[in-house]
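Student: Please find upload34.pdb (PDB, C-alpha atoms) on the next line:
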```pdb
ATOM      1  CA  MET A   1      55.502 -40.983 -43.304
ATOM      2  CA  LYS A   2      53.071 -39.396 -45.727
ATOM      3  CA  LEU A   3      49.308 -39.817 -46.038
ATOM      4  CA  GLY A   4      47.869 -40.734 -49.431
ATOM      5  CA  VAL A   5      44.868 -42.315 -51.113
ATOM      6  CA  PHE A   6      44.196 -44.993 -53.707
ATOM      7  CA  THR A   7      42.295 -42.782 -56.140
ATOM      8  CA  VAL A   8      39.995 -45.440 -57.623
ATOM      9  CA  LEU A   9      37.288 -44.255 -55.218
ATOM     10  CA  PHE A  10      37.230 -40.948 -57.144
ATOM     11  CA  GLY A  11      36.828 -42.543 -60.555
ATOM     12  CA  ASN A  12      33.840 -40.293 -61.279
ATOM     13  CA  LYS A  13      36.065 -37.212 -61.072
ATOM     14  CA  SER A  14      38.409 -36.001 -63.787
ATOM     15  CA  PHE A  15      42.148 -36.303 -63.169
ATOM     16  CA  GLU A  16      42.588 -32.682 -62.077
ATOM     17  CA  GLU A  17      39.335 -32.625 -60.097
ATOM     18  CA  MET A  18      40.569 -35.667 -58.209
ATOM     19  CA  LEU A  19      43.925 -34.017 -57.492
ATOM     20  CA  ASP A  20      42.243 -30.848 -56.221
ATOM     21  CA  HIS A  21      39.957 -32.892 -53.977
ATOM     22  CA  VAL A  22      42.850 -34.874 -52.502
ATOM     23  CA  LYS A  23      44.905 -31.740 -51.970
ATOM     24  CA  ALA A  24      42.019 -29.947 -50.240
ATOM     25  CA  LEU A  25      42.028 -32.579 -47.506
ATOM     26  CA  GLY A  26      45.728 -32.115 -46.896
ATOM     27  CA  LEU A  27      47.056 -35.376 -48.334
ATOM     28  CA  SER A  28      50.533 -35.720 -49.792
ATOM     29  CA  ALA A  29      50.299 -38.662 -52.190
ATOM     30  CA  VAL A  30      48.122 -40.434 -54.715
ATOM     31  CA  GLU A  31      48.163 -44.103 -55.696
ATOM     32  CA  ILE A  32      46.799 -44.353 -59.233
ATOM     33  CA  GLY A  33      45.231 -47.298 -61.049
ATOM     34  CA  THR A  34      46.564 -48.092 -64.518
ATOM     35  CA  GLY A  35      44.188 -50.887 -65.519
ATOM     36  CA  CYS A  36      42.765 -54.350 -64.793
ATOM     37  CA  TYR A  37      40.669 -54.486 -61.590
ATOM     38  CA  PRO A  38      41.372 -50.860 -60.490
ATOM     39  CA  GLY A  39      40.650 -49.454 -63.951
ATOM     40  CA  ASN A  40      42.561 -46.508 -65.396
ATOM     41  CA  ALA A  41      40.241 -43.539 -64.828
ATOM     42  CA  HIS A  42      43.191 -41.286 -63.964
ATOM     43  CA  CYS A  43      45.967 -42.812 -66.059
ATOM     44  CA  PRO A  44      45.727 -43.151 -69.862
ATOM     45  CA  LEU A  45      48.525 -45.705 -69.884
ATOM     46  CA  ASP A  46      49.173 -46.050 -73.604
ATOM     47  CA  GLU A  47      48.943 -42.301 -74.258
ATOM     48  CA  LEU A  48      51.469 -41.523 -71.554
ATOM     49  CA  LEU A  49      53.878 -44.180 -72.773
ATOM     50  CA  GLU A  50      53.757 -42.821 -76.315
ATOM     51  CA  ASP A  51      53.969 -39.070 -75.671
ATOM     52  CA  GLU A  52      56.747 -37.410 -73.653
ATOM     53  CA  GLN A  53      54.919 -34.071 -73.487
ATOM     54  CA  LYS A  54      51.816 -35.746 -72.068
ATOM     55  CA  ARG A  55      54.006 -37.353 -69.419
ATOM     56  CA  LYS A  56      55.471 -33.963 -68.506
ATOM     57  CA  ASP A  57      52.002 -32.407 -68.283
ATOM     58  CA  TYR A  58      50.724 -35.345 -66.244
ATOM     59  CA  ILE A  59      53.463 -35.204 -63.624
ATOM     60  CA  GLU A  60      53.327 -31.387 -63.551
ATOM     61  CA  ALA A  61      49.645 -31.525 -62.619
ATOM     62  CA  ILE A  62      50.624 -33.631 -59.618
ATOM     63  CA  THR A  63      53.795 -31.891 -58.460
ATOM     64  CA  SER A  64      52.330 -28.395 -58.906
ATOM     65  CA  ARG A  65      49.893 -29.320 -56.125
ATOM     66  CA  ASP A  66      52.730 -30.541 -53.901
ATOM     67  CA  LEU A  67      51.566 -34.126 -54.380
ATOM     68  CA  MET A  68      53.483 -37.253 -55.368
ATOM     69  CA  ILE A  69      52.568 -40.621 -56.876
ATOM     70  CA  SER A  70      53.215 -43.265 -54.224
ATOM     71  CA  ALA A  71      52.528 -46.141 -56.617
ATOM     72  CA  PHE A  72      50.850 -47.197 -59.819
ATOM     73  CA  SER A  73      48.450 -50.094 -59.255
ATOM     74  CA  CYS A  74      47.393 -52.663 -61.821
ATOM     75  CA  HIS A  75      45.946 -55.532 -59.787
ATOM     76  CA  GLY A  76      44.963 -58.354 -62.129
ATOM     77  CA  ASN A  77      45.630 -62.075 -62.527
ATOM     78  CA  PRO A  78      48.456 -62.759 -64.979
ATOM     79  CA  LEU A  79      48.362 -66.490 -64.124
ATOM     80  CA  THR A  80      44.654 -67.171 -64.673
ATOM     81  CA  PRO A  81      43.640 -69.867 -67.190
ATOM     82  CA  ASP A  82      41.434 -67.185 -68.776
ATOM     83  CA  LYS A  83      43.978 -66.353 -71.472
ATOM     84  CA  SER A  84      42.373 -63.060 -72.418
ATOM     85  CA  PHE A  85      42.523 -61.662 -68.882
ATOM     86  CA  ALA A  86      45.928 -63.214 -68.239
ATOM     87  CA  ASP A  87      47.326 -61.496 -71.329
ATOM     88  CA  GLU A  88      45.682 -58.208 -70.343
ATOM     89  CA  SER A  89      47.028 -58.436 -66.782
ATOM     90  CA  ASP A  90      50.525 -59.227 -68.014
ATOM     91  CA  SER A  91      50.529 -56.497 -70.662
ATOM     92  CA  VAL A  92      49.229 -53.815 -68.289
ATOM     93  CA  LEU A  93      51.769 -54.834 -65.626
ATOM     94  CA  ARG A  94      54.708 -54.609 -68.040
ATOM     95  CA  LYS A  95      53.521 -51.264 -69.410
ATOM     96  CA  THR A  96      52.966 -49.946 -65.887
ATOM     97  CA  ILE A  97      56.508 -50.866 -64.876
ATOM     98  CA  LYS A  98      57.814 -48.972 -67.901
ATOM     99  CA  LEU A  99      55.664 -45.911 -67.175
ATOM    100  CA  ALA A 100      56.644 -45.946 -63.496
ATOM    101  CA  SER A 101      60.283 -45.905 -64.543
ATOM    102  CA  LEU A 102      59.745 -43.006 -66.944
ATOM    103  CA  LEU A 103      57.923 -40.937 -64.312
ATOM    104  CA  GLY A 104      60.102 -41.832 -61.339
ATOM    105  CA  VAL A 105      57.347 -43.725 -59.511
ATOM    106  CA  PRO A 106      59.133 -46.202 -57.215
ATOM    107  CA  VAL A 107      56.441 -48.877 -56.722
ATOM    108  CA  VAL A 108      54.013 -50.840 -58.873
ATOM    109  CA  ASN A 109      51.291 -52.684 -56.918
ATOM    110  CA  ALA A 110      49.722 -55.915 -58.158
ATOM    111  CA  PHE A 111      48.318 -59.300 -57.185
ATOM    112  CA  SER A 112      50.500 -62.387 -57.443
ATOM    113  CA  GLY A 113      47.816 -64.183 -59.431
ATOM    114  CA  THR A 114      46.351 -67.679 -59.194
ATOM    115  CA  PRO A 115      46.587 -70.311 -61.949
ATOM    116  CA  GLY A 116      44.335 -73.287 -62.459
ATOM    117  CA  ASP A 117      45.081 -76.839 -61.357
ATOM    118  CA  SER A 118      46.726 -77.787 -64.677
ATOM    119  CA  ASP A 119      47.484 -76.450 -68.136
ATOM    120  CA  GLU A 120      44.024 -77.645 -69.189
ATOM    121  CA  ALA A 121      42.175 -75.729 -66.456
ATOM    122  CA  LYS A 122      39.459 -73.225 -67.292
ATOM    123  CA  GLN A 123      39.289 -71.298 -63.989
ATOM    124  CA  PRO A 124      41.718 -70.368 -61.192
ATOM    125  CA  ASN A 125      42.130 -72.786 -58.297
ATOM    126  CA  TRP A 126      43.133 -71.542 -54.820
ATOM    127  CA  PRO A 127      44.070 -74.507 -52.586
ATOM    128  CA  VAL A 128      43.871 -73.717 -48.860
ATOM    129  CA  VAL A 129      44.055 -77.182 -47.219
ATOM    130  CA  PRO A 130      46.786 -79.857 -47.474
ATOM    131  CA  TRP A 131      44.417 -82.846 -47.517
ATOM    132  CA  PRO A 132      43.097 -84.598 -49.519
ATOM    133  CA  ARG A 133      46.589 -84.711 -50.966
ATOM    134  CA  GLU A 134      45.615 -83.566 -54.445
ATOM    135  CA  TYR A 135      45.250 -80.019 -53.083
ATOM    136  CA  GLY A 136      48.845 -80.023 -51.930
ATOM    137  CA  ASP A 137      49.947 -81.459 -55.274
ATOM    138  CA  ILE A 138      48.075 -78.672 -57.090
ATOM    139  CA  LEU A 139      49.720 -76.012 -54.944
ATOM    140  CA  THR A 140      53.202 -77.398 -55.578
ATOM    141  CA  TRP A 141      52.549 -77.496 -59.333
ATOM    142  CA  GLN A 142      51.250 -73.921 -59.292
ATOM    143  CA  TRP A 143      54.290 -72.542 -57.483
ATOM    144  CA  GLU A 144      56.921 -74.463 -59.415
ATOM    145  CA  ASN A 145      55.441 -74.177 -62.905
ATOM    146  CA  LYS A 146      53.569 -70.869 -62.875
ATOM    147  CA  LEU A 147      54.124 -68.500 -59.951
ATOM    148  CA  ILE A 148      57.908 -68.604 -59.498
ATOM    149  CA  PRO A 149      58.857 -68.571 -63.216
ATOM    150  CA  TYR A 150      56.500 -65.667 -63.938
ATOM    151  CA  TRP A 151      57.621 -63.470 -61.045
ATOM    152  CA  LYS A 152      61.284 -64.243 -61.662
ATOM    153  CA  GLU A 153      60.863 -62.705 -65.092
ATOM    154  CA  ILE A 154      58.789 -59.752 -63.865
ATOM    155  CA  GLY A 155      61.151 -59.174 -60.944
ATOM    156  CA  GLU A 156      64.092 -58.941 -63.319
ATOM    157  CA  LEU A 157      62.135 -56.567 -65.570
ATOM    158  CA  ALA A 158      61.240 -54.333 -62.625
ATOM    159  CA  GLU A 159      64.808 -54.407 -61.361
ATOM    160  CA  ARG A 160      66.109 -53.223 -64.743
ATOM    161  CA  HIS A 161      63.634 -50.322 -64.583
ATOM    162  CA  ASN A 162      64.529 -49.457 -60.963
ATOM    163  CA  VAL A 163      60.961 -50.152 -59.828
ATOM    164  CA  LYS A 164      59.755 -52.229 -56.866
ATOM    165  CA  ILE A 165      56.777 -54.596 -57.033
ATOM    166  CA  GLY A 166      54.298 -54.454 -54.150
ATOM    167  CA  LEU A 167      52.207 -57.625 -54.109
ATOM    168  CA  GLU A 168      49.007 -57.209 -52.117
ATOM    169  CA  LEU A 169      48.552 -60.076 -49.670
ATOM    170  CA  HIS A 170      44.991 -60.832 -50.693
ATOM    171  CA  GLY A 171      42.905 -63.968 -50.251
ATOM    172  CA  GLY A 172      42.202 -65.838 -53.472
ATOM    173  CA  PHE A 173      45.773 -65.373 -54.724
ATOM    174  CA  LEU A 174      48.812 -67.569 -54.079
ATOM    175  CA  VAL A 175      50.644 -64.787 -52.233
ATOM    176  CA  HIS A 176      48.299 -63.845 -49.387
ATOM    177  CA  THR A 177      50.330 -64.135 -46.158
ATOM    178  CA  PRO A 178      53.738 -62.958 -44.913
ATOM    179  CA  TYR A 179      55.040 -66.507 -45.392
ATOM    180  CA  THR A 180      53.944 -66.822 -49.020
ATOM    181  CA  LEU A 181      55.366 -63.368 -49.823
ATOM    182  CA  LEU A 182      58.732 -64.194 -48.275
ATOM    183  CA  LYS A 183      58.764 -67.615 -49.968
ATOM    184  CA  LEU A 184      58.247 -66.001 -53.381
ATOM    185  CA  ARG A 185      60.746 -63.229 -52.613
ATOM    186  CA  GLU A 186      63.394 -65.828 -51.719
ATOM    187  CA  ALA A 187      62.721 -67.709 -54.966
ATOM    188  CA  THR A 188      62.862 -64.548 -57.099
ATOM    189  CA  CYS A 189      64.481 -61.284 -55.944
ATOM    190  CA  ASP A 190      64.207 -58.491 -53.377
ATOM    191  CA  THR A 191      62.463 -56.273 -55.921
ATOM    192  CA  ILE A 192      59.381 -58.326 -55.025
ATOM    193  CA  GLY A 193      57.834 -57.132 -51.772
ATOM    194  CA  ALA A 194      54.486 -56.452 -50.119
ATOM    195  CA  ASN A 195      51.775 -53.889 -50.542
ATOM    196  CA  LEU A 196      50.644 -54.622 -47.005
ATOM    197  CA  ASP A 197      46.947 -54.122 -46.280
ATOM    198  CA  PRO A 198      45.963 -54.925 -42.671
ATOM    199  CA  SER A 199      42.335 -55.526 -43.653
ATOM    200  CA  HIS A 200      43.359 -58.794 -45.330
ATOM    201  CA  MET A 201      45.482 -59.812 -42.373
ATOM    202  CA  TRP A 202      42.696 -59.479 -39.817
ATOM    203  CA  TRP A 203      40.217 -61.788 -41.557
ATOM    204  CA  GLN A 204      42.919 -64.439 -41.957
ATOM    205  CA  GLY A 205      43.633 -64.299 -38.225
ATOM    206  CA  ILE A 206      47.004 -62.562 -38.678
ATOM    207  CA  ASP A 207      47.987 -59.697 -36.361
ATOM    208  CA  PRO A 208      48.987 -56.806 -38.670
ATOM    209  CA  VAL A 209      51.623 -55.534 -36.217
ATOM    210  CA  ALA A 210      53.225 -58.984 -36.236
ATOM    211  CA  ALA A 211      53.034 -59.027 -40.047
ATOM    212  CA  ILE A 212      54.797 -55.643 -40.162
ATOM    213  CA  LYS A 213      57.566 -56.972 -37.919
ATOM    214  CA  ILE A 214      57.990 -60.168 -39.948
ATOM    215  CA  LEU A 215      58.164 -58.379 -43.278
ATOM    216  CA  GLY A 216      59.894 -55.244 -42.021
ATOM    217  CA  LYS A 217      62.907 -57.174 -40.737
ATOM    218  CA  THR A 218      63.874 -57.996 -44.322
ATOM    219  CA  GLY A 219      62.797 -54.684 -45.881
ATOM    220  CA  ALA A 220      59.957 -56.461 -47.657
ATOM    221  CA  ILE A 221      57.262 -53.773 -47.224
ATOM    222  CA  HIS A 222      57.211 -51.630 -50.366
ATOM    223  CA  HIS A 223      53.810 -49.950 -49.880
ATOM    224  CA  PHE A 224      51.026 -49.836 -47.276
ATOM    225  CA  HIS A 225      47.231 -49.698 -47.630
ATOM    226  CA  ALA A 226      45.002 -48.288 -44.891
ATOM    227  CA  LYS A 227      41.735 -50.223 -44.735
ATOM    228  CA  ASP A 228      39.958 -51.767 -41.766
ATOM    229  CA  THR A 229      37.944 -54.958 -41.225
ATOM    230  CA  TYR A 230      35.064 -55.575 -38.837
ATOM    231  CA  ILE A 231      34.799 -59.204 -37.734
ATOM    232  CA  ASP A 232      31.363 -60.315 -36.511
ATOM    233  CA  GLN A 233      32.030 -63.329 -34.309
ATOM    234  CA  ASP A 234      28.388 -64.465 -34.332
ATOM    235  CA  ASN A 235      28.521 -64.654 -38.134
ATOM    236  CA  VAL A 236      31.958 -66.274 -38.042
ATOM    237  CA  ASN A 237      30.388 -69.030 -35.944
ATOM    238  CA  MET A 238      27.885 -69.620 -38.741
ATOM    239  CA  TYR A 239      29.880 -69.054 -41.928
ATOM    240  CA  GLY A 240      33.557 -69.247 -40.968
ATOM    241  CA  LEU A 241      36.239 -66.833 -42.092
ATOM    242  CA  THR A 242      36.195 -68.125 -45.678
ATOM    243  CA  ASP A 243      32.720 -66.621 -46.035
ATOM    244  CA  MET A 244      31.568 -66.639 -49.679
ATOM    245  CA  GLN A 245      28.610 -64.266 -49.248
ATOM    246  CA  SER A 246      28.525 -61.044 -51.227
ATOM    247  CA  TYR A 247      30.296 -58.108 -49.607
ATOM    248  CA  GLY A 248      26.909 -56.388 -49.726
ATOM    249  CA  ASN A 249      25.433 -58.855 -47.210
ATOM    250  CA  VAL A 250      26.710 -56.806 -44.290
ATOM    251  CA  GLN A 251      24.188 -58.128 -41.757
ATOM    252  CA  SER A 252      25.184 -61.752 -42.195
ATOM    253  CA  ARG A 253      28.796 -61.682 -43.411
ATOM    254  CA  ALA A 254      31.481 -63.010 -41.076
ATOM    255  CA  TRP A 255      33.658 -59.991 -41.820
ATOM    256  CA  THR A 256      33.246 -56.712 -43.650
ATOM    257  CA  PHE A 257      35.690 -54.114 -44.912
ATOM    258  CA  ARG A 258      35.393 -50.817 -43.039
ATOM    259  CA  THR A 259      37.051 -47.439 -43.093
ATOM    260  CA  VAL A 260      39.968 -46.833 -40.720
ATOM    261  CA  GLY A 261      38.879 -46.948 -37.074
ATOM    262  CA  CYS A 262      35.501 -48.603 -37.689
ATOM    263  CA  GLY A 263      36.725 -52.173 -37.349
ATOM    264  CA  HIS A 264      39.610 -51.874 -34.925
ATOM    265  CA  SER A 265      40.584 -49.266 -32.358
ATOM    266  CA  MET A 266      42.793 -46.299 -33.064
ATOM    267  CA  GLN A 267      45.196 -47.765 -30.500
ATOM    268  CA  GLU A 268      45.690 -50.707 -32.867
ATOM    269  CA  TRP A 269      46.187 -48.329 -35.790
ATOM    270  CA  SER A 270      48.678 -46.346 -33.698
ATOM    271  CA  ASP A 271      50.530 -49.571 -32.919
ATOM    272  CA  MET A 272      50.770 -50.286 -36.659
ATOM    273  CA  MET A 273      52.160 -46.842 -37.434
ATOM    274  CA  SER A 274      54.735 -47.277 -34.661
ATOM    275  CA  ALA A 275      55.707 -50.722 -35.964
ATOM    276  CA  LEU A 276      56.121 -49.340 -39.481
ATOM    277  CA  ARG A 277      58.451 -46.642 -38.159
ATOM    278  CA  MET A 278      60.401 -49.075 -35.956
ATOM    279  CA  TYR A 279      60.970 -51.401 -38.927
ATOM    280  CA  ASN A 280      62.100 -48.600 -41.245
ATOM    281  CA  TYR A 281      59.003 -48.071 -43.365
ATOM    282  CA  ASP A 282      58.905 -44.307 -43.776
ATOM    283  CA  TYR A 283      56.874 -44.028 -46.939
ATOM    284  CA  VAL A 284      53.187 -43.566 -47.803
ATOM    285  CA  VAL A 285      50.136 -44.860 -45.942
ATOM    286  CA  SER A 286      47.552 -45.029 -48.732
ATOM    287  CA  ILE A 287      43.850 -44.969 -47.825
ATOM    288  CA  GLU A 288      41.690 -47.541 -49.608
ATOM    289  CA  HIS A 289      37.932 -47.155 -49.196
ATOM    290  CA  GLU A 290      35.739 -50.269 -49.563
ATOM    291  CA  ASP A 291      33.203 -49.645 -46.793
ATOM    292  CA  ALA A 292      29.774 -51.031 -47.711
ATOM    293  CA  ILE A 293      27.835 -48.993 -45.124
ATOM    294  CA  MET A 294      29.520 -45.606 -45.466
ATOM    295  CA  SER A 295      29.628 -43.205 -48.414
ATOM    296  CA  VAL A 296      32.894 -42.566 -50.202
ATOM    297  CA  GLU A 297      33.166 -39.026 -48.870
ATOM    298  CA  GLU A 298      32.264 -39.846 -45.287
ATOM    299  CA  GLY A 299      34.479 -42.937 -45.177
ATOM    300  CA  PHE A 300      37.397 -41.184 -46.840
ATOM    301  CA  THR A 301      37.160 -38.111 -44.607
ATOM    302  CA  ARG A 302      36.934 -40.226 -41.471
ATOM    303  CA  ALA A 303      39.986 -42.235 -42.541
ATOM    304  CA  VAL A 304      41.931 -39.013 -43.140
ATOM    305  CA  ASN A 305      41.004 -37.603 -39.733
ATOM    306  CA  ASN A 306      41.720 -40.850 -37.900
ATOM    307  CA  LEU A 307      45.066 -41.447 -39.586
ATOM    308  CA  ASN A 308      46.156 -37.859 -39.043
ATOM    309  CA  SER A 309      45.860 -38.540 -35.318
ATOM    310  CA  VAL A 310      48.297 -41.493 -35.371
ATOM    311  CA  LEU A 311      50.607 -41.016 -38.371
ATOM    312  CA  ILE A 312      54.256 -40.420 -37.466
ATOM    313  CA  ARG A 313      55.542 -37.731 -39.792
ATOM    314  CA  GLU A 314      58.733 -36.376 -38.230
ATOM    315  CA  SER A 315      62.085 -38.022 -37.649
ATOM    316  CA  ALA A 316      62.681 -38.911 -34.010
ATOM    317  CA  GLY A 317      66.128 -37.341 -34.020
ATOM    318  CA  GLU A 318      68.653 -38.087 -31.294
ATOM    319  CA  ILE A 319      67.595 -39.664 -28.027
ATOM    320  CA  TRP A 320      68.308 -36.536 -25.964
ATOM    321  CA  TRP A 321      67.127 -37.854 -22.597
ATOM    322  CA  ALA A 322      69.580 -40.748 -22.243
TER
END
```
Show me this structure written as structure tokens.
Tutor:
Amino acid sequence: MKLGVFTVLFGNKSFEEMLDHVKALGLSAVEIGTGCYPGNAHCPLDELLEDEQKRKDYIEAITSRDLMISAFSCHGNPLTPDKSFADESDSVLRKTIKLASLLGVPVVNAFSGTPGDSDEAKQPNWPVVPWPREYGDILTWQWENKLIPYWKEIGELAERHNVKIGLELHGGFLVHTPYTLLKLREATCDTIGANLDPSHMWWQGIDPVAAIKILGKTGAIHHFHAKDTYIDQDNVNMYGLTDMQSYGNVQSRAWTFRTVGCGHSMQEWSDMMSALRMYNYDYVVSIEHEDAIMSVEEGFTRAVNNLNSVLIRESAGEIWWA
């Protein structure tokens, strides 16, 4: 496995400054935003698509530092009733797939998206209970009329470009659990897989090691994010796990994103790395920093140090003792 970082946390640095900073801490990979929610601070998408020399210079800046691009990320909502953002999300995704193909980047990360409750809706609608029955009816309509047709088309596009799609299992979007990912994958193609982030598993009550086993058995993990979650049971008792408070309300929130090792033990992180290896994920573990009580530099550095202590880098080789 290799250690990398989702570079949106260094959006205030220039492209080459960011690469130098990542390299100085001994990382091997960068995950780069191309637009929508992550922004495109380090990837001028249209310029790179239009100019072959710029593409050569761009990839040279990365490879000359012995780095690689683990994924391009363009998390948006291509299914939202907000037509402007839906069109933007769709356009950026399609362009990102094309650029990934041109640069030999194997994975494009995204959100599955969430539509409204009908073609006349004005905002997304995320049903999470089966009763009253209209919620279940909405969910069925969303999957059959919006989610599956869209990702069938995108899956075929990605397949033609030899690129995998890593959908982040994130609350608020229709694909947010191992089950919903596998359901969509079965209805579309194996090009669709997971960008698995354990921080979103923990707050949903899902054991990340179990999620790795479930998805790993079918080769459905295309990318992996390293972010932690602290769950405050006293606040869960008050607000529940579907807590709608701002992420900045760290004293009262039921759960809060933390840097690696500040929400769960390093034993649990070690167990995840072992499960990834056992189920044939031998790619990049990409640090994502969204810790509300720790600076970018401190949180990032701590994540690097903690992951370096549990990452499995070398092949096991033959079992020589038996």
Student: Check the smallest atom-to-atom distance from each of A:Asn162, A:Asn195, A:Thr140, A:Ser91 to Tyr283 of chain A using all atoms listed in the file, then report the winner.
Tutor: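 Closest to Tyr283 of chain A, using all atoms listed in the file: A:Asn195.
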Student: With only C-alpha atoms as the atoms that count, which of A:His222, A:Arg65, A:Lys54, A:Lys2 lies nearest to Glu17 of chain A?
Tutor: A:Arg65
Student: Between A:Glu268, A:Thr7, A:Tyr230, A:Asp207, which has the minimum distance to Gln251 of chain A (counting all atoms listed in the file)?
Tutor: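 Looking only at the distances to Gln251 of chain A, the closest residue turns out to be A:Tyr230.
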Student: I'd like to know which of A:Gly216, A:Gly171, A:Pro149, A:Gly136 is closest to His200 of chain A, using all atoms listed in the file.
Tutor: A:Gly171
Student: For Leu9 of chain A, which of A:Ser295, A:Ser118, A:Asn77, A:Ser265 is the closest residue, counting only C-alpha atoms?
Tutor: A:Ser295
Student: For Leu181 of chain A, find every residue with an atom within 9 Å (counting only C-alpha atoms), except residues of its own chain fewer than 4 positions away, and show them as a list in words.
Tutor: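 After dropping sequence-adjacent residues, the list is Leu167, Leu169, Leu174, Val175, His176, Thr177, Arg185, Glu186, Ile192, Gly193, Ala194, Leu215 and Ala220 of chain A.
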Student: I need the output of the PyMOL selection byres ((chain A and resi 123) around 8) for this file as an NGL selection string; which residues are they?
Tutor: :A and (80-82 or 115-116 or 121-122 or 124-125)
Student: On this structure, which residues satisfy the PyMOL selection byres ((chain A and resi 292) around 10), written as a compact mmCIF listing (two decimals) with C-alpha atoms, keeping the file's coordinate frame?
Tutor:
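Okay, expr31.txt is ready:
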```txt
# COMPACT_ATOMS: atom_id res chain seq x y z
CA TYR A 247 30.30 -58.11 -49.61
CA GLY A 248 26.91 -56.39 -49.73
CA ASN A 249 25.43 -58.86 -47.21
CA VAL A 250 26.71 -56.81 -44.29
CA THR A 256 33.25 -56.71 -43.65
CA PHE A 257 35.69 -54.11 -44.91
CA ARG A 258 35.39 -50.82 -43.04
CA THR A 259 37.05 -47.44 -43.09
CA HIS A 289 37.93 -47.16 -49.20
CA GLU A 290 35.74 -50.27 -49.56
CA ASP A 291 33.20 -49.64 -46.79
CA ILE A 293 27.84 -48.99 -45.12
CA MET A 294 29.52 -45.61 -45.47
CA SER A 295 29.63 -43.20 -48.41
CA VAL A 296 32.89 -42.57 -50.20
CA GLY A 299 34.48 -42.94 -45.18
```
Student: Residues near Pro198 of chain A, anyone? I mean within 7 Å using only C-alpha atoms, not counting same-chain ones fewer than 3 positions away, as a list in words.
Tutor: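 Final neighbour list, sorted by chain and number: Met201, Trp202, Pro208, Lys227 and Asp228 of chain A.
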Student: Could the residues in this selection be written to a file with C-alpha atoms, as a CSV table (one decimal), in the frame of the given file?
Tutor:
```csv
chain,number,residue,atom,x,y,z
A,201,MET,CA,45.5,-59.8,-42.4
A,202,TRP,CA,42.7,-59.5,-39.8
A,208,PRO,CA,49.0,-56.8,-38.7
A,227,LYS,CA,41.7,-50.2,-44.7
A,228,ASP,CA,40.0,-51.8,-41.8
```
Student: Can you work out which one of A:Pro130, A:Ile69, A:Met272, A:Gly39 has the shortest atom-to-atom distance to Ser89 of chain A, counting only C-alpha atoms?
Tutor: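 Going through A:Pro130, A:Ile69, A:Met272, A:Gly39 one by one, the smallest distance to Ser89 of chain A is for A:Gly39.
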Student: Between atom CA of Phe224 of chain A and atom CA of Gly4 of chain A, what is the distance, to one decimal in Å?
Tutor: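 Going from atom CA of Phe224 of chain A over to atom CA of Gly4 of chain A covers 9.9 Å.
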Student: Pick out the residues sitting within 10 Å of Met238 of chain A, and hand them over as a list of chain:residue names; count all atoms listed in the file, and ignore anything fewer than 3 positions along from it in its own chain.
Tutor: A:Gln233, A:Asp234, A:Asn235, A:Leu241, A:Asp243, A:Ser252, A:Arg253, A:Ala254
Student: Would you pick out the contacts of segment 304-314 of chain A at 10 Å or less, using only C-alpha atoms, so that residues sharing its chain but fewer than 3 positions from it are not included, and give the list as a count of residues only?
Tutor: 34
Student: Set the distance at 7 Å and use all atoms listed in the file: which residues neighbour Trp126 of chain A once local chain neighbours fewer than 5 positions away are removed? I'd like the list as a list in words.
Tutor: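 Neighbouring residues, sequence-local ones excluded: Thr114, Gly172, Phe173 and Leu174 of chain A.
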Student: Kindly give the distance, in Å, that separates atom CA of Gly240 of chain A and atom CA of Trp141 of chain A, rounded to a single decimal.
Tutor: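 Atom CA of Trp141 of chain A lies 27.7 Å from atom CA of Gly240 of chain A.
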Student: What does the distance between atom CA of His223 of chain A and atom CA of Asp57 of chain A come to in Å, to one decimal place?
Tutor: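 These atoms are spaced 25.5 Å apart.
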Student: In file coordinates, which residues lie within 7 Å of (55.2, -47.1, -72.7) using only C-alpha atoms, given as a PDB file with C-alpha atoms, keeping the file's coordinate frame?
Tutor:
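Ended up saving to part_25.pdb:
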```
ATOM      1  CA  ASP A  46      49.173 -46.050 -73.604  1.00  0.00           C
ATOM      2  CA  LEU A  48      51.469 -41.523 -71.554  1.00  0.00           C
ATOM      3  CA  LEU A  49      53.878 -44.180 -72.773  1.00  0.00           C
ATOM      4  CA  GLU A  50      53.757 -42.821 -76.315  1.00  0.00           C
ATOM      5  CA  LYS A  95      53.521 -51.264 -69.410  1.00  0.00           C
ATOM      6  CA  LYS A  98      57.814 -48.972 -67.901  1.00  0.00           C
ATOM      7  CA  LEU A  99      55.664 -45.911 -67.175  1.00  0.00           C
TER       8      LEU A  99
END
```
Student: Taking the file as shown, what set of residues would the PyMOL selection byres ((chain A and resi 100) around 10) give back, as an MDAnalysis selection string?
Tutor: chainID A and resid 49 69 71:72 94:99 101:108 158 161:164
